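For reference, structure19.tsv is printed below; it contains TSV, C-alpha atoms.
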chain	number	residue	atom	x	y	z
A	1	MET	CA	97.09	102.49	89.88
A	2	ASP	CA	99.42	104.79	87.97
A	3	SER	CA	98.67	108.50	87.64
A	4	LEU	CA	97.84	108.38	83.92
A	5	THR	CA	95.16	105.75	84.54
A	6	GLN	CA	93.66	107.80	87.37
A	7	ILE	CA	93.58	110.94	85.21
A	8	ALA	CA	91.92	109.06	82.35
A	9	LEU	CA	89.41	107.35	84.66
A	10	GLY	CA	88.59	110.61	86.44
A	11	SER	CA	87.98	112.44	83.16
A	12	ALA	CA	85.69	109.66	81.92
A	13	VAL	CA	83.63	109.57	85.11
A	14	GLY	CA	83.45	113.36	85.24
A	15	TYR	CA	82.21	113.61	81.66
A	16	ALA	CA	79.74	110.76	82.09
A	17	VAL	CA	78.06	112.52	85.03
A	18	MET	CA	78.36	116.23	84.14
A	19	GLY	CA	79.16	116.31	80.43
A	20	LYS	CA	75.71	117.57	79.47
A	21	GLN	CA	75.98	120.39	82.00
A	22	MET	CA	79.64	121.38	81.61
A	23	GLY	CA	80.79	119.95	78.30
A	24	LYS	CA	84.47	119.06	78.08
A	25	ARG	CA	85.17	121.03	81.23
A	26	ALA	CA	83.56	118.14	83.13
A	27	ALA	CA	86.35	115.91	81.84
A	28	LEU	CA	88.94	118.47	82.92
A	29	HIS	CA	87.44	118.70	86.40
A	30	GLY	CA	87.30	114.91	86.60
A	31	ALA	CA	90.95	114.56	85.55
A	32	ILE	CA	92.07	117.00	88.24
A	33	LEU	CA	89.89	115.43	90.92
A	34	GLY	CA	91.18	112.01	89.90
A	35	THR	CA	94.70	112.97	90.99
A	36	ILE	CA	93.75	114.43	94.38
A	37	PRO	CA	93.69	111.22	96.50
A	38	ASP	CA	97.29	110.42	95.56
A	39	LEU	CA	98.54	113.80	96.78
A	40	ASP	CA	98.97	112.10	100.16
A	41	VAL	CA	102.34	110.87	98.88
A	42	PHE	CA	103.63	114.38	99.59
A	43	ILE	CA	102.74	114.07	103.28
A	44	ASN	CA	105.63	113.07	105.54
A	45	TYR	CA	104.11	110.96	108.32
A	46	GLY	CA	107.41	110.76	110.21
A	47	GLY	CA	109.33	107.89	108.64
A	48	ASP	CA	109.55	105.40	105.78
A	49	VAL	CA	107.37	102.81	107.51
A	50	GLN	CA	104.74	105.41	108.34
A	51	ASN	CA	104.75	106.80	104.81
A	52	PHE	CA	104.41	103.28	103.41
A	53	THR	CA	101.56	102.16	105.63
A	54	TYR	CA	99.58	105.42	105.84
A	55	HIS	CA	99.47	105.90	102.06
A	56	ARG	CA	96.00	105.23	100.62
A	57	GLY	CA	94.55	106.09	104.01
A	58	PHE	CA	92.25	109.04	104.67
A	59	SER	CA	92.54	110.35	101.10
A	60	HIS	CA	91.19	107.04	99.76
A	61	SER	CA	88.34	106.68	102.24
A	62	PHE	CA	84.78	106.56	100.87
A	63	ILE	CA	83.69	108.25	104.10
A	64	VAL	CA	86.03	111.21	103.54
A	65	HIS	CA	84.96	111.38	99.89
A	66	ALA	CA	81.32	111.69	100.91
A	67	LEU	CA	82.16	114.47	103.38
A	68	VAL	CA	84.29	116.60	101.05
A	69	ALA	CA	82.26	116.08	97.86
A	70	PRO	CA	79.68	118.85	98.60
A	71	LEU	CA	82.45	121.36	99.31
A	72	PHE	CA	84.39	120.50	96.15
A	73	ALA	CA	81.15	120.61	94.14
A	74	TRP	CA	80.29	124.06	95.49
A	75	LEU	CA	83.76	125.31	94.54
A	76	LEU	CA	83.44	123.84	91.05
A	77	LEU	CA	80.09	125.52	90.46
A	78	ARG	CA	81.53	128.81	91.67
A	79	LEU	CA	84.34	128.34	89.17
A	80	GLU	CA	81.88	127.48	86.40
A	81	LYS	CA	80.03	130.75	86.91
A	82	MET	CA	83.26	132.57	86.14
A	83	VAL	CA	83.56	130.92	82.69
A	84	PRO	CA	82.32	133.27	79.93
A	85	ALA	CA	79.43	131.88	77.91
A	86	LYS	CA	81.40	132.15	74.66
A	87	LEU	CA	83.84	129.56	76.02
A	88	THR	CA	81.07	126.95	76.22
A	89	ALA	CA	82.62	123.68	75.06
A	90	ASP	CA	79.73	122.51	72.86
A	91	ASP	CA	76.10	123.19	72.05
A	92	ILE	CA	74.82	120.54	74.41
A	93	VAL	CA	75.89	122.48	77.52
A	94	LEU	CA	72.93	123.81	79.50
A	95	PRO	CA	72.83	127.18	81.29
A	96	HIS	CA	74.77	127.44	84.55
A	97	LYS	CA	71.57	127.43	86.60
A	98	LYS	CA	71.02	123.82	85.47
A	99	GLN	CA	74.33	122.73	86.99
A	100	SER	CA	72.77	121.50	90.22
A	101	LEU	CA	74.85	121.17	93.37
A	102	LEU	CA	73.49	117.66	93.94
A	103	ARG	CA	74.56	116.38	90.53
A	104	CYS	CA	77.96	118.03	90.82
A	105	THR	CA	78.40	116.54	94.30
A	106	TRP	CA	77.61	113.12	92.84
A	107	MET	CA	80.27	113.65	90.15
A	108	VAL	CA	82.92	114.65	92.67
A	109	PHE	CA	82.15	111.68	94.91
A	110	LEU	CA	82.20	109.20	92.01
A	111	VAL	CA	85.51	110.49	90.68
A	112	LEU	CA	87.18	110.25	94.10
A	113	ALA	CA	85.56	106.92	94.97
A	114	THR	CA	86.42	105.25	91.65
A	115	HIS	CA	90.03	106.35	92.16
A	116	ALA	CA	90.10	104.50	95.48
A	117	LEU	CA	88.12	101.55	94.12
A	118	ILE	CA	90.47	100.86	91.22
A	119	ASP	CA	93.42	101.14	93.64
A	120	GLY	CA	91.67	98.47	95.68
A	121	PHE	CA	92.07	96.04	92.79
A	122	THR	CA	95.84	96.10	93.33
A	123	VAL	CA	97.63	94.22	96.10
A	124	TYR	CA	98.98	97.25	98.00
A	125	GLY	CA	95.94	97.81	100.22
A	126	THR	CA	93.42	100.68	100.33
A	127	GLN	CA	91.74	101.96	103.51
A	128	PHE	CA	88.22	102.38	102.12
A	129	LEU	CA	86.62	102.78	105.57
A	130	TRP	CA	89.07	105.08	107.35
A	131	PRO	CA	88.67	106.22	110.17
A	132	ILE	CA	86.33	103.38	111.18
A	133	THR	CA	89.07	100.91	110.33
A	134	GLU	CA	92.58	101.21	108.89
A	135	TYR	CA	92.33	97.74	107.34
A	136	PRO	CA	93.98	97.86	103.86
A	137	PHE	CA	91.46	96.18	101.56
A	138	ALA	CA	92.95	94.54	98.45
A	139	ILE	CA	91.19	92.55	95.74
A	140	SER	CA	94.61	91.85	94.17
A	141	THR	CA	93.64	91.30	90.55
A	142	LEU	CA	95.52	94.13	88.80
A	143	PHE	CA	99.13	95.24	88.63
A	144	ILE	CA	99.63	98.97	89.30
A	145	ILE	CA	100.18	99.47	85.55
A	146	ASP	CA	97.89	97.53	83.24
A	147	PRO	CA	97.76	98.82	79.65
A	148	LEU	CA	94.66	96.82	78.73
A	149	TYR	CA	92.65	98.49	81.48
A	150	THR	CA	93.97	101.96	80.68
A	151	LEU	CA	93.82	101.85	76.87
A	152	PRO	CA	90.06	102.46	76.32
A	153	LEU	CA	90.09	105.28	78.88
A	154	LEU	CA	93.18	106.76	77.25
A	155	VAL	CA	91.50	106.76	73.83
A	156	LEU	CA	88.66	108.80	75.33
A	157	LEU	CA	91.12	111.16	77.02
A	158	VAL	CA	92.78	111.87	73.65
A	159	MET	CA	89.39	112.52	72.04
A	160	PHE	CA	88.69	115.30	74.55
A	161	PHE	CA	91.49	117.27	72.86
A	162	ILE	CA	89.88	117.07	69.41
A	163	PRO	CA	88.35	120.49	68.58
A	164	LYS	CA	84.63	120.67	67.74
A	165	ILE	CA	84.12	116.93	68.12
A	166	ASN	CA	80.47	115.85	68.09
A	167	PRO	CA	79.23	115.62	71.73
A	168	ALA	CA	77.17	112.56	70.85
A	169	THR	CA	80.37	110.82	69.70
A	170	LEU	CA	82.07	111.73	72.97
A	171	PHE	CA	79.22	110.36	75.07
A	172	LYS	CA	79.15	107.10	73.11
A	173	THR	CA	82.92	106.73	73.41
A	174	CYS	CA	82.76	107.57	77.12
A	175	SER	CA	80.14	104.89	77.72
A	176	ALA	CA	82.11	102.35	75.69
A	177	ALA	CA	85.38	103.14	77.50
A	178	LEU	CA	83.82	102.74	80.95
A	179	ILE	CA	82.03	99.52	79.95
A	180	ILE	CA	85.15	97.96	78.39
A	181	SER	CA	87.37	98.85	81.35
A	182	THR	CA	84.76	97.49	83.77
A	183	VAL	CA	84.47	94.25	81.79
A	184	TYR	CA	88.25	93.95	82.01
A	185	LEU	CA	88.03	94.28	85.79
A	186	ALA	CA	85.48	91.49	85.83
A	187	TRP	CA	87.80	89.37	83.68
A	188	SER	CA	90.63	89.92	86.17
A	189	VAL	CA	88.45	88.53	88.98
A	190	VAL	CA	87.56	85.47	86.87
A	191	ALA	CA	91.21	84.98	85.94
A	192	LYS	CA	92.22	85.11	89.61
A	193	TRP	CA	89.67	82.43	90.46
A	194	HIS	CA	90.97	80.25	87.61
A	195	ILE	CA	94.58	80.70	88.74
A	196	GLU	CA	93.72	79.78	92.31
A	197	GLN	CA	92.10	76.55	91.11
A	198	LEU	CA	95.24	75.70	89.12
A	199	ASN	CA	97.42	76.53	92.10
A	200	ASN	CA	95.39	74.36	94.45
A	201	ALA	CA	95.91	71.40	92.14
A	202	ALA	CA	99.63	72.16	91.81
A	203	PHE	CA	100.04	72.56	95.58
A	204	ALA	CA	98.31	69.24	96.16
A	205	GLN	CA	100.73	67.55	93.77
A	206	ALA	CA	103.70	69.19	95.54
A	207	ASN	CA	102.29	68.44	99.02
A	208	ILE	CA	102.20	72.15	99.93
A	209	SER	CA	99.62	73.55	102.32
A	210	SER	CA	99.34	76.93	104.00
A	211	ASP	CA	96.79	79.20	105.64
A	212	LEU	CA	98.41	82.26	104.02
A	213	VAL	CA	98.33	82.40	100.23
A	214	ILE	CA	98.29	85.71	98.34
A	215	SER	CA	97.96	85.88	94.56
A	216	THR	CA	98.13	88.87	92.25
A	217	SER	CA	98.64	89.51	88.56
A	218	ALA	CA	102.17	89.78	87.21
A	219	PRO	CA	103.47	93.10	85.85
A	220	MET	CA	101.29	94.61	83.11
A	221	THR	CA	99.20	91.50	82.40
A	222	THR	CA	96.39	89.37	83.79
A	223	LEU	CA	97.51	86.33	81.80
A	224	LEU	CA	100.33	85.53	84.25
A	225	TRP	CA	99.95	85.53	88.03
A	226	ARG	CA	102.37	85.55	90.94
A	227	THR	CA	101.48	83.84	94.22
A	228	VAL	CA	103.22	83.83	97.60
A	229	VAL	CA	102.69	80.85	99.92
A	230	MET	CA	103.93	81.41	103.48
A	231	GLN	CA	105.34	78.80	105.87
A	232	GLU	CA	107.07	79.29	109.24
A	233	ASP	CA	110.69	79.32	108.05
A	234	HIS	CA	110.26	79.45	104.28
A	235	TYR	CA	107.92	80.56	101.55
A	236	TYR	CA	107.18	79.75	97.93
A	237	GLU	CA	107.06	82.11	94.98
A	238	VAL	CA	104.71	80.73	92.36
A	239	PHE	CA	104.12	81.77	88.76
A	240	THR	CA	101.03	80.53	86.97
A	241	SER	CA	99.80	81.30	83.47
A	242	VAL	CA	96.12	81.11	82.56
A	243	PHE	CA	97.25	78.61	79.90
A	244	ASP	CA	99.10	76.35	82.37
A	245	ARG	CA	98.18	72.89	83.51
A	246	ALA	CA	98.76	72.04	87.15
A	247	GLU	CA	102.09	70.37	86.34
A	248	ASP	CA	103.28	73.53	84.53
A	249	VAL	CA	102.99	75.81	87.58
A	250	SER	CA	106.41	77.21	88.59
A	251	ILE	CA	107.10	76.81	92.32
A	252	THR	CA	110.34	78.03	93.94
A	253	ARG	CA	111.19	77.81	97.63
A	254	TYR	CA	113.03	80.53	99.58
A	255	GLU	CA	114.13	80.76	103.19
A	256	THR	CA	113.07	83.31	105.78
A	257	ASP	CA	114.14	83.68	109.41
A	258	PRO	CA	111.46	85.44	111.47
A	259	SER	CA	113.37	84.55	114.65
A	260	LEU	CA	115.68	87.46	113.83
A	261	LEU	CA	112.83	89.74	114.94
A	262	ALA	CA	112.57	88.16	118.40
A	263	SER	CA	114.25	90.99	120.30
A	264	ILE	CA	112.61	93.83	118.31
A	265	GLN	CA	109.19	92.40	117.46
A	266	ASP	CA	107.43	94.67	119.98
A	267	LYS	CA	108.56	97.82	118.19
A	268	TRP	CA	105.69	99.73	116.58
A	269	GLU	CA	107.35	99.82	113.15
A	270	VAL	CA	107.91	96.06	113.11
A	271	GLN	CA	104.35	95.33	114.21
A	272	ARG	CA	103.04	97.82	111.66
A	273	LEU	CA	104.91	96.14	108.80
A	274	ILE	CA	103.77	92.67	109.84
A	275	TRP	CA	100.17	93.94	109.96
A	276	PHE	CA	100.27	95.86	106.69
A	277	THR	CA	101.88	93.02	104.73
A	278	LYS	CA	99.19	90.69	106.11
A	279	GLY	CA	101.92	88.28	107.12
A	280	ALA	CA	103.47	88.00	103.64
A	281	TYR	CA	106.96	89.16	104.54
A	282	SER	CA	110.47	87.74	104.68
A	283	VAL	CA	113.25	88.40	107.18
A	284	ARG	CA	116.92	88.01	106.29
A	285	GLN	CA	120.31	88.92	107.65
A	286	GLU	CA	122.48	90.87	105.22
A	287	GLU	CA	125.91	91.43	106.77
A	288	LYS	CA	125.04	93.32	109.99
A	289	ARG	CA	121.56	94.35	108.91
A	290	ILE	CA	118.16	92.73	109.48
A	291	ILE	CA	116.04	93.21	106.36
A	292	LEU	CA	112.26	92.83	106.17
A	293	SER	CA	110.62	92.68	102.73
A	294	ASP	CA	106.98	92.89	101.70
A	295	LEU	CA	106.62	89.80	99.50
A	296	ARG	CA	103.43	90.98	97.84
A	297	MET	CA	105.02	93.61	95.58
A	298	GLY	CA	107.96	92.92	93.32
A	299	MET	CA	109.69	89.62	92.75
A	300	GLU	CA	112.33	87.58	94.51
A	301	GLY	CA	115.50	89.63	94.78
A	302	ALA	CA	113.69	92.85	93.89
A	303	TYR	CA	110.93	93.61	96.37
A	304	VAL	CA	109.77	97.20	96.07
A	305	PHE	CA	109.08	97.73	99.78
A	306	THR	CA	112.06	96.52	101.78
A	307	PHE	CA	113.14	97.99	105.12
A	308	GLU	CA	116.16	97.77	107.39
A	309	VAL	CA	114.54	96.98	110.73
A	310	GLY	CA	117.54	95.94	112.82
A	311	GLN	CA	121.29	96.05	113.32
A	312	ILE	CA	123.55	93.33	114.74
A	313	SER	CA	126.21	94.55	117.18
A	314	GLN	CA	129.67	93.05	117.54
A	315	ASN	CA	128.49	90.94	120.48
A	316	GLY	CA	125.64	89.52	118.39
A	317	GLN	CA	122.84	91.53	119.95
A	318	ILE	CA	120.08	92.78	117.64
A	319	SER	CA	118.74	96.29	118.12
A	320	THR	CA	116.39	98.42	116.06
A	321	SER	CA	117.73	100.58	113.26
A	322	ASP	CA	116.19	103.69	111.72
A	323	PHE	CA	113.66	101.57	109.71
A	324	ALA	CA	114.80	103.17	106.46
A	325	GLN	CA	113.51	101.83	103.17
A	326	VAL	CA	116.11	99.93	101.15
A	327	SER	CA	116.02	100.42	97.38
A	328	ARG	CA	115.34	97.09	95.62
A	329	ARG	CA	113.63	98.11	92.40
A	330	PRO	CA	112.95	95.31	89.88
A	331	ASP	CA	115.16	95.23	86.79
A	332	ILE	CA	112.98	96.33	83.88
A	333	SER	CA	115.16	94.25	81.53
A	334	ASP	CA	113.53	91.14	83.04
A	335	LEU	CA	110.08	92.23	81.85
A	336	PRO	CA	110.25	90.23	78.57
A	337	LYS	CA	110.53	87.06	80.66
A	338	VAL	CA	107.11	87.81	82.14
A	339	PHE	CA	105.47	87.78	78.73
A	340	GLN	CA	107.49	84.76	77.59
A	341	ARG	CA	106.37	82.83	80.67
A	342	ILE	CA	102.71	83.29	79.70
A	343	ILE	CA	103.06	80.69	76.95
A	344	ASP	CA	106.28	78.90	77.94
A	345	PRO	CA	106.33	77.14	81.37
A	346	SER	CA	110.07	76.51	81.04
A	347	ILE	CA	110.90	80.20	81.40
A	348	ARG	CA	112.24	81.03	84.85
A	349	ILE	CA	111.58	84.50	86.22
A	350	SER	CA	112.79	84.17	89.81
A	351	PRO	CA	116.49	83.70	90.58
Show me, as structure tokens, the structure contained in the file I just sent.
Amino acid sequence: MDSLTQIALGSAVGYAVMGKQMGKRAALHGAILGTIPDLDVFINYGGDVQNFTYHRGFSHSFIVHALVAPLFAWLLLRLEKMVPAKLTADDIVLPHKKQSLLRCTWMVFLVLATHALIDGFTVYGTQFLWPITEYPFAISTLFIIDPLYTLPLLVLLVMFFIPKINPATLFKTCSAALIISTVYLAWSVVAKWHIEQLNNAAFAQANISSDLVISTSAPMTTLLWRTVVMQEDHYYEVFTSVFDRAEDVSITRYETDPSLLASIQDKWEVQRLIWFTKGAYSVRQEEKRIILSDLRMGMEGAYVFTFEVGQISQNGQISTSDFAQVSRRPDISDLPKVFQRIIDPSIRISP
């Protein structure tokens, strides 16, 4: 999820666990801790493919969170002892001796773990169990930016900046924000199930079958969903609204040519991309370049994670390139079409 959501979620979890012991400082600690797992984006793992596939690895592992939580908690309590008593955030804060290491450890773990967990609701893939397995788990029910999930947490975040606000009001708002955002997560799972039932009916009508079908919510909404259906030499991009009937589902076919990888398919970077995309990738020739795109993120013509994996020589031989990422960012001006498609099946999003 986006950084603002992680900050807001971290502050809410931090305050919920340690608010009575630290006051508003618990929200501040939670907000800071909530950004820590994503600091792995500043690590250069040696190349674009490595940076893409190692992100959300060790820093998003529940195992690592459990190991580092006691250390972070100890450091936080040491920091708390340096705060003068007159700076106590509100009257409900207890003396420092009541700020137990166990409770603070629990707060740190929950903030880090909920960061990883909410990331797991997106389609990217999160390595919850690193180093036992690098498998990128993905529930695929949220887009990386979803205002309806973030809004209640953001309201709470703003309230933390209100001077002398009643602590009881903050705790009630904190509870409400976490409950509402969690209910929204549950709704996203229900919506995904509903969309998959609609898609199954639409695929049956269109005589489409596949063992590899990946669905995820469209940008900034859970009312419209995008699905990729893979075949050997082609794939389908599918848009489905929660208000659609089976005959309203938008299905567009596109070609892919995986045979272009034949001479380079044993390269680690190629195998890594195939594994990380879980098979939802396209291969195309663009002039003298072989381009591999992750079909799970973005839309046709604008896939966020696209890599140049090969070069074609003058004699027609294909060799590996530097595996650099190719910029294919979606055009934000197309975003209104997403919201129009929710209620109007005639709207076309894909080219």
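Using all atoms listed in the file, the shortest contact distance between Thr141 of chain A and any of A:Asn200, A:Ser319, A:Ser282, A:Ser217 is found at A:Ser217.
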_Residues within 10 Å of segment 226-238 of chain A, please, as JSON, numbers by chain. Count all atoms listed in the file; anything in the same chain fewer than 2 positions from it doesn't count._
{"A": [195, 196, 199, 202, 203, 208, 209, 210, 211, 212, 213, 214, 215, 216, 217, 218, 219, 224, 240, 241, 249, 250, 251, 252, 253, 254, 255, 256, 257, 258, 259, 279, 280, 281, 282, 283, 295, 296, 297, 298, 299, 300, 349, 350]}
*Extract, using only C-alpha atoms, all DNA, RNA and protein residues at most 8 Å from Asp146 of chain A, discarding same-chain residues fewer than 4 positions from it, and format them as an MDAnalysis selection string.*
chainID A and resid 142 150 219:221
_Would you compute the distance between atom CA of Ser327 of chain A and atom CA of Phe239 of chain A? Give it in Å to one decimal._
23.7 Å
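As for atom CA of Glu308 of chain A and atom CA of Ile290 of chain A, they are spaced 5.8 Å apart.
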*Which residues, written as a list in words, have at least one atom at most 10 Å from Leu260 of chain A, with all atoms listed in the file counted and residues fewer than 4 positions away on the same chain left out?*
Thr256, Ile264, Gln265, Val283, Arg284, Gln285, Ile290, Ile291, Leu292, Gly310, Ile312 and Ile318 of chain A
*Spatial neighbours of segment 134-140 of chain A, max dist 8 Å, all atoms listed in the file, sep filter under 4 positions, as a list in words*: Gly57, Gly120, Phe121, Thr122, Val123, Tyr124, Gly125, Thr126, Gln127, Phe128, Leu129, Trp130, Ser215, Thr216, Ser217 and Phe276 of chain A
*Tell me, as a PyMOL selection string, which residues lie within 10 Å of segment 25-35 of chain A, counting all atoms listed in the file; anything in the same chain fewer than 2 positions away does not count.*
chain A and resi 2-23+37-39+72+76+80+88-89+104+107-116+156-157+160
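Taking atom CA of Ala186 of chain A and atom CA of Thr173 of chain A as the two end points, the separation is 19.8 Å.
The smallest atom-to-atom distance between Phe62 of chain A and any of A:Thr133, A:Tyr303, A:Gly47, A:Lys164, using all atoms listed in the file, is found for A:Thr133.
Residue nearest Ile36 of chain A, chosen from A:Arg56, A:Val183, A:Ser263, A:Gln50 and counting only C-alpha atoms: A:Arg56.
Closest to Asp266 of chain A among A:Val309, A:Val304, A:Leu223, A:Ile162 is A:Val309, based on all atoms listed in the file.
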With 4 Å on each side, where is the centre of the axis-aligned box around all listed atoms of segment 12-19 of chain A, and how long are its edges in Å to one decimal, as AutoDock Vina command-line options?
--center_x 81.9 --center_y 112.9 --center_z 82.8 --size_x 15.6 --size_y 14.7 --size_z 12.8
Would you kindly place N, CA and C atoms on segment 314-340 of chain A and return the model as a PDB file, in the coordinates of the input?
ATOM      1  N   GLN A 314     128.520  93.941 117.551  1.00  0.00           N
ATOM      2  CA  GLN A 314     129.670  93.050 117.540  1.00  0.00           C
ATOM      3  C   GLN A 314     129.506  91.880 118.497  1.00  0.00           C
ATOM      4  N   ASN A 315     128.711  92.048 119.543  1.00  0.00           N
ATOM      5  CA  ASN A 315     128.490  90.940 120.480  1.00  0.00           C
ATOM      6  C   ASN A 315     127.292  90.078 120.089  1.00  0.00           C
ATOM      7  N   GLY A 316     126.724  90.349 118.899  1.00  0.00           N
ATOM      8  CA  GLY A 316     125.640  89.520 118.390  1.00  0.00           C
ATOM      9  C   GLY A 316     124.251  89.946 118.789  1.00  0.00           C
ATOM     10  N   GLN A 317     124.149  91.042 119.536  1.00  0.00           N
ATOM     11  CA  GLN A 317     122.840  91.530 119.950  1.00  0.00           C
ATOM     12  C   GLN A 317     122.166  92.293 118.794  1.00  0.00           C
ATOM     13  N   ILE A 318     120.843  92.108 118.690  1.00  0.00           N
ATOM     14  CA  ILE A 318     120.080  92.780 117.640  1.00  0.00           C
ATOM     15  C   ILE A 318     119.301  93.939 118.239  1.00  0.00           C
ATOM     16  N   SER A 319     119.483  95.105 117.685  1.00  0.00           N
ATOM     17  CA  SER A 319     118.740  96.290 118.120  1.00  0.00           C
ATOM     18  C   SER A 319     118.078  96.922 116.908  1.00  0.00           C
ATOM     19  N   THR A 320     117.114  97.784 117.164  1.00  0.00           N
ATOM     20  CA  THR A 320     116.390  98.420 116.060  1.00  0.00           C
ATOM     21  C   THR A 320     117.287  99.416 115.336  1.00  0.00           C
ATOM     22  N   SER A 321     117.022  99.576 114.050  1.00  0.00           N
ATOM     23  CA  SER A 321     117.730 100.580 113.260  1.00  0.00           C
ATOM     24  C   SER A 321     116.786 101.755 113.036  1.00  0.00           C
ATOM     25  N   ASP A 322     117.038 102.524 111.983  1.00  0.00           N
ATOM     26  CA  ASP A 322     116.190 103.690 111.720  1.00  0.00           C
ATOM     27  C   ASP A 322     114.986 103.344 110.850  1.00  0.00           C
ATOM     28  N   PHE A 323     114.796 102.045 110.511  1.00  0.00           N
ATOM     29  CA  PHE A 323     113.660 101.570 109.710  1.00  0.00           C
ATOM     30  C   PHE A 323     113.593 102.264 108.346  1.00  0.00           C
ATOM     31  N   ALA A 324     114.753 102.526 107.772  1.00  0.00           N
ATOM     32  CA  ALA A 324     114.800 103.170 106.460  1.00  0.00           C
ATOM     33  C   ALA A 324     114.451 102.174 105.359  1.00  0.00           C
ATOM     34  N   GLN A 325     113.825 102.681 104.316  1.00  0.00           N
ATOM     35  CA  GLN A 325     113.510 101.830 103.170  1.00  0.00           C
ATOM     36  C   GLN A 325     114.767 101.584 102.363  1.00  0.00           C
ATOM     37  N   VAL A 326     114.943 100.339 101.938  1.00  0.00           N
ATOM     38  CA  VAL A 326     116.110  99.930 101.150  1.00  0.00           C
ATOM     39  C   VAL A 326     115.668  99.809  99.698  1.00  0.00           C
ATOM     40  N   SER A 327     116.386 100.433  98.802  1.00  0.00           N
ATOM     41  CA  SER A 327     116.020 100.420  97.380  1.00  0.00           C
ATOM     42  C   SER A 327     116.283  99.047  96.775  1.00  0.00           C
ATOM     43  N   ARG A 328     115.230  98.406  96.276  1.00  0.00           N
ATOM     44  CA  ARG A 328     115.340  97.090  95.620  1.00  0.00           C
ATOM     45  C   ARG A 328     114.418  97.058  94.403  1.00  0.00           C
ATOM     46  N   ARG A 329     114.529  98.024  93.537  1.00  0.00           N
ATOM     47  CA  ARG A 329     113.630  98.110  92.400  1.00  0.00           C
ATOM     48  C   ARG A 329     113.868  96.954  91.423  1.00  0.00           C
ATOM     49  N   PRO A 330     112.791  96.371  90.867  1.00  0.00           N
ATOM     50  CA  PRO A 330     112.950  95.310  89.880  1.00  0.00           C
ATOM     51  C   PRO A 330     113.696  95.804  88.647  1.00  0.00           C
ATOM     52  N   ASP A 331     114.433  94.916  88.012  1.00  0.00           N
ATOM     53  CA  ASP A 331     115.160  95.230  86.790  1.00  0.00           C
ATOM     54  C   ASP A 331     114.191  95.144  85.615  1.00  0.00           C
ATOM     55  N   ILE A 332     113.957  96.292  84.963  1.00  0.00           N
ATOM     56  CA  ILE A 332     112.980  96.330  83.880  1.00  0.00           C
ATOM     57  C   ILE A 332     113.401  95.446  82.699  1.00  0.00           C
ATOM     58  N   SER A 333     114.688  95.110  82.627  1.00  0.00           N
ATOM     59  CA  SER A 333     115.160  94.250  81.530  1.00  0.00           C
ATOM     60  C   SER A 333     114.628  92.829  81.660  1.00  0.00           C
ATOM     61  N   ASP A 334     114.108  92.480  82.849  1.00  0.00           N
ATOM     62  CA  ASP A 334     113.530  91.140  83.040  1.00  0.00           C
ATOM     63  C   ASP A 334     112.076  91.068  82.595  1.00  0.00           C
ATOM     64  N   LEU A 335     111.494  92.209  82.214  1.00  0.00           N
ATOM     65  CA  LEU A 335     110.080  92.230  81.850  1.00  0.00           C
ATOM     66  C   LEU A 335     109.735  91.292  80.695  1.00  0.00           C
ATOM     67  N   PRO A 336     110.582  91.180  79.652  1.00  0.00           N
ATOM     68  CA  PRO A 336     110.250  90.230  78.570  1.00  0.00           C
ATOM     69  C   PRO A 336     110.027  88.807  79.054  1.00  0.00           C
ATOM     70  N   LYS A 337     110.713  88.407  80.137  1.00  0.00           N
ATOM     71  CA  LYS A 337     110.530  87.060  80.660  1.00  0.00           C
ATOM     72  C   LYS A 337     109.097  86.844  81.142  1.00  0.00           C
ATOM     73  N   VAL A 338     108.488  87.912  81.664  1.00  0.00           N
ATOM     74  CA  VAL A 338     107.110  87.810  82.140  1.00  0.00           C
ATOM     75  C   VAL A 338     106.191  87.405  80.998  1.00  0.00           C
ATOM     76  N   PHE A 339     106.339  88.076  79.867  1.00  0.00           N
ATOM     77  CA  PHE A 339     105.470  87.780  78.730  1.00  0.00           C
ATOM     78  C   PHE A 339     105.822  86.438  78.077  1.00  0.00           C
ATOM     79  N   GLN A 340     107.095  86.069  78.110  1.00  0.00           N
ATOM     80  CA  GLN A 340     107.490  84.760  77.590  1.00  0.00           C
ATOM     81  C   GLN A 340     106.913  83.628  78.435  1.00  0.00           C
TER      82      GLN A 340
END
